[in-house]
Amino acid sequence: MILCCGEALIDMLPRETTAGEAGFAPYAGGAVFNTAIALGRLGAPAGYFGGLSNDLFGQLLASTLTASNVDHTPAARSDRPTTLAFVTLVDGHAKYAFYDENTAGRMLSSDQLPALDDTCKALFFGGISLVGEPAADTYADLCERAGDRVVMIDPNIRPGFITDEPRYRARLSAMLNRADVVKISDEDMEWLGTAPETLLKQGVALVLVTRGAEGVDMVSREGTKRIAAQKVSVVDTVGAGDTFNAGFLAGLDRAGLLTREKLASAWLDDLAPAADLGARAAAITVSRAGANPPWDNEL
């Protein structure tokens, strides 16, 4: 199993009712949740761990995971509410109002961590779940307990969400020191004051640097290899990075490279098919509205 660890929430998107009134429609989302969905649709052994509520929104999240073949039995269930993100459009730009206090996801604690057995090959972390405490510390704790499993991290830093920058930097730094694969943007690296070479010296086996329409650079001790982005008509970019993460992990699993030892010794040419799968899957996601990753038979 590839266990995706992080936020699952409900995006409340603006809609007009049949009566012509302004309203909001609930959609399952969250960066880590989206990665889990994409993994399941690509046929990878996918699992999800996070705090899931027993309320109606938590039931929506759970049923959405099940429909995409994601095992959510590792998730910690509680009667706390689900995190809601209300989206409004101001001059064509999306603004978010988060309702996350005392939620099932936010209040996740280390005593709710799942037992990791031999079927769990890899852990994926990222998104805003690495910001809000106490859940962020809980995910950091799970990362420390990864053992000999592959760890992939996509920081996807949102400075506007960070309320305690020193604690966030310390937490993320410790997790990056344990990571085997890091997907990161130029903006993330600038904010962190790091570079692929620095991450490699810290023990990361592979750094995936996103270049937007230009593709992704794979950087290892061997050097750098560019994986071109697929040319498509873009509808929106929601979930594109999450889908790429899933495709890359699914590709590693298909190639039998999802171990720390094999990752550390693999050549870039060996890893390129996994990155290409991620790029092709992401291209389909951006060609349609919302975070709607492709199924394996669509590739």
# chains A, B, ... in the order shown; residues from 1 in each chain; ligands from 1
>>> select_by_dssp(residues="segment 66-280 of chain A", states="helix (DSSP H, G or I)", output="MDAnalysis selection string")
chainID A and resid 66:67 110:112 127:130 135:144 159:161 165:178 186:192 196:201 212:214 240:254 260:265 268:280
>>> residues_around(residues="Asp141 of chain A", least_positions_apart="5", cutoff="9 Å", atoms="only C-alpha atoms", output="PyMOL selection string")
chain A and resi 110+113+136+146
>>> write_last_selection(atoms="N, CA, C and O atoms", output="PDB file, in the first residue's frame")
ATOM      1  N   SER A 110      -1.212  11.863  17.893  1.00  0.00           N
ATOM      2  CA  SER A 110      -0.299  10.736  17.663  1.00  0.00           C
ATOM      3  C   SER A 110      -0.843   9.418  18.178  1.00  0.00           C
ATOM      4  O   SER A 110      -0.446   8.344  17.690  1.00  0.00           O
ATOM      5  N   LEU A 113      -2.400   7.319  15.365  1.00  0.00           N
ATOM      6  CA  LEU A 113      -1.607   6.867  14.221  1.00  0.00           C
ATOM      7  C   LEU A 113      -1.886   5.399  13.919  1.00  0.00           C
ATOM      8  O   LEU A 113      -2.050   4.577  14.827  1.00  0.00           O
ATOM      9  N   ALA A 136      -0.344  18.614  12.293  1.00  0.00           N
ATOM     10  CA  ALA A 136       0.943  18.711  11.602  1.00  0.00           C
ATOM     11  C   ALA A 136       2.027  17.959  12.361  1.00  0.00           C
ATOM     12  O   ALA A 136       2.861  17.257  11.759  1.00  0.00           O
ATOM     13  N   ALA A 146       8.496   5.993   9.888  1.00  0.00           N
ATOM     14  CA  ALA A 146       8.375   5.358   8.572  1.00  0.00           C
ATOM     15  C   ALA A 146       9.226   4.106   8.431  1.00  0.00           C
ATOM     16  O   ALA A 146       8.963   3.260   7.572  1.00  0.00           O
TER      17      ALA A 146
END
>>> closest_residue(among="A:Leu84, A:Met189, A:Val181, A:Val232", to="Ile153 of chain A", atoms="only C-alpha atoms")
A:Val181
>>> atom_distance(atom1="atom CA of Leu9 of chain A", atom2="atom CA of Gly147 of chain A")
28.4 Å
>>> select_by_dssp(residues="segment 77-174 of chain A", states="strand (DSSP E or B)", output="number ranges by chain")
A: 77-78, 84-90, 93-99, 122-126, 150-154
>>> write_last_selection(atoms="C-alpha atoms", output="CSV table (one decimal), in the first residue's frame")
chain,number,residue,atom,x,y,z
A,77,ARG,CA,-12.7,8.5,12.7
A,78,SER,CA,-14.2,10.9,15.2
A,84,LEU,CA,-14.8,23.3,5.2
A,85,ALA,CA,-13.3,25.7,2.7
A,86,PHE,CA,-15.8,28.2,1.3
A,87,VAL,CA,-14.7,29.6,-2.0
A,88,THR,CA,-15.8,33.0,-3.3
A,89,LEU,CA,-14.8,34.8,-6.5
A,90,VAL,CA,-13.6,38.4,-6.2
A,93,HIS,CA,-9.9,35.4,-8.3
A,94,ALA,CA,-10.7,32.8,-5.8
A,95,LYS,CA,-10.7,33.7,-2.1
A,96,TYR,CA,-11.0,31.1,0.7
A,97,ALA,CA,-12.6,31.1,4.1
A,98,PHE,CA,-11.5,28.1,6.1
A,99,TYR,CA,-13.5,26.6,9.0
A,122,ALA,CA,5.5,4.1,1.0
A,123,LEU,CA,4.2,7.2,2.8
A,124,PHE,CA,3.2,10.4,1.1
A,125,PHE,CA,3.0,13.7,2.9
A,126,GLY,CA,2.3,17.3,1.9
A,150,VAL,CA,9.8,5.2,1.0
A,151,VAL,CA,8.8,8.7,2.0
A,152,MET,CA,7.7,11.2,-0.6
A,153,ILE,CA,7.0,14.9,0.4
A,154,ASP,CA,5.4,17.7,-1.7
>>> closest_residue(among="A:Leu271, A:Ala281, A:Ala25, A:Ala174", to="Leu258 of chain A", atoms="only C-alpha atoms")
A:Leu271
>>> atom_distance(atom1="atom CA of Ala213 of chain A", atom2="atom CA of Ser287 of chain A")
13.1 Å
>>> closest_atom_pairs(of="segment 101-147 of chain A", to="segment 53-65 of chain A", cutoff="12 Å", atoms="only C-alpha atoms", output="Markdown table")
| residue | atom | partner | partner_atom | distance |
| --- | --- | --- | --- | --- |
| A:Asn102 | CA | A:Ser53 | CA | 11.2 |
| A:Thr103 | CA | A:Ser53 | CA | 7.9 |
| A:Ala104 | CA | A:Ser53 | CA | 5.4 |
| A:Gly105 | CA | A:Ser53 | CA | 7.8 |
| A:Arg106 | CA | A:Ser53 | CA | 10.8 |
| A:Met107 | CA | A:Ser53 | CA | 10.9 |
| A:Leu108 | CA | A:Ser53 | CA | 10.8 |
>>> residues_around(residues="Gly160 of chain A", least_positions_apart="3", cutoff="12 Å", atoms="only C-alpha atoms", output="list in words")
Lys95, Tyr96, Ile128, Val131, Asn156, Ile157, Thr163, Asp164 and Glu165 of chain A
>>> atom_distance(atom1="atom CA of Gly30 of chain A", atom2="atom CA of Ala275 of chain A")
22.0 Å
>>> decode(residues="segment 26-43 of chain A", atoms="N, CA, C and O atoms", output="compact mmCIF listing (two decimals), in the first residue's frame")
# COMPACT_ATOMS: atom_id res chain seq x y z
N PRO A 26 -21.02 21.27 -2.14
CA PRO A 26 -19.89 20.59 -1.51
C PRO A 26 -19.16 19.65 -2.47
O PRO A 26 -19.79 18.84 -3.16
N TYR A 27 -17.84 19.77 -2.50
CA TYR A 27 -17.00 18.88 -3.31
C TYR A 27 -15.86 18.35 -2.45
O TYR A 27 -15.20 19.11 -1.74
N ALA A 28 -15.63 17.05 -2.51
CA ALA A 28 -14.53 16.45 -1.76
C ALA A 28 -13.21 16.93 -2.32
O ALA A 28 -13.02 17.01 -3.53
N GLY A 29 -12.27 17.28 -1.43
CA GLY A 29 -10.98 17.79 -1.90
C GLY A 29 -9.91 17.74 -0.84
O GLY A 29 -10.02 17.07 0.18
N GLY A 30 -8.83 18.50 -1.11
CA GLY A 30 -7.64 18.48 -0.28
C GLY A 30 -6.49 17.87 -1.07
O GLY A 30 -6.69 16.87 -1.78
N ALA A 31 -5.32 18.45 -0.98
CA ALA A 31 -4.19 18.00 -1.82
C ALA A 31 -3.85 16.54 -1.61
O ALA A 31 -3.70 15.77 -2.58
N VAL A 32 -3.71 16.12 -0.37
CA VAL A 32 -3.34 14.72 -0.10
C VAL A 32 -4.48 13.79 -0.46
O VAL A 32 -4.27 12.69 -1.01
N PHE A 33 -5.71 14.20 -0.17
CA PHE A 33 -6.89 13.44 -0.58
C PHE A 33 -6.89 13.24 -2.09
O PHE A 33 -7.12 12.12 -2.59
N ASN A 34 -6.61 14.30 -2.85
CA ASN A 34 -6.58 14.20 -4.31
C ASN A 34 -5.51 13.22 -4.79
O ASN A 34 -5.72 12.49 -5.77
N THR A 35 -4.36 13.21 -4.12
CA THR A 35 -3.29 12.28 -4.49
C THR A 35 -3.75 10.84 -4.28
O THR A 35 -3.51 9.96 -5.12
N ALA A 36 -4.43 10.60 -3.16
CA ALA A 36 -4.94 9.25 -2.88
C ALA A 36 -5.95 8.82 -3.94
O ALA A 36 -5.90 7.68 -4.43
N ILE A 37 -6.85 9.72 -4.31
CA ILE A 37 -7.86 9.42 -5.33
C ILE A 37 -7.18 9.06 -6.66
O ILE A 37 -7.53 8.06 -7.31
N ALA A 38 -6.18 9.86 -7.05
CA ALA A 38 -5.49 9.60 -8.31
C ALA A 38 -4.75 8.27 -8.27
O ALA A 38 -4.74 7.52 -9.26
N LEU A 39 -4.13 7.95 -7.15
CA LEU A 39 -3.44 6.66 -7.02
C LEU A 39 -4.40 5.50 -7.20
O LEU A 39 -4.11 4.55 -7.94
N GLY A 40 -5.55 5.59 -6.53
CA GLY A 40 -6.52 4.51 -6.64
C GLY A 40 -7.03 4.34 -8.05
O GLY A 40 -7.19 3.21 -8.54
N ARG A 41 -7.25 5.45 -8.74
CA ARG A 41 -7.76 5.36 -10.11
C ARG A 41 -6.71 4.82 -11.07
O ARG A 41 -7.05 4.23 -12.11
N LEU A 42 -5.43 5.00 -10.75
CA LEU A 42 -4.36 4.48 -11.60
C LEU A 42 -4.05 3.02 -11.31
O LEU A 42 -3.13 2.45 -11.90
N GLY A 43 -4.79 2.43 -10.40
CA GLY A 43 -4.62 1.01 -10.13
C GLY A 43 -3.56 0.68 -9.11
O GLY A 43 -3.23 -0.50 -8.92
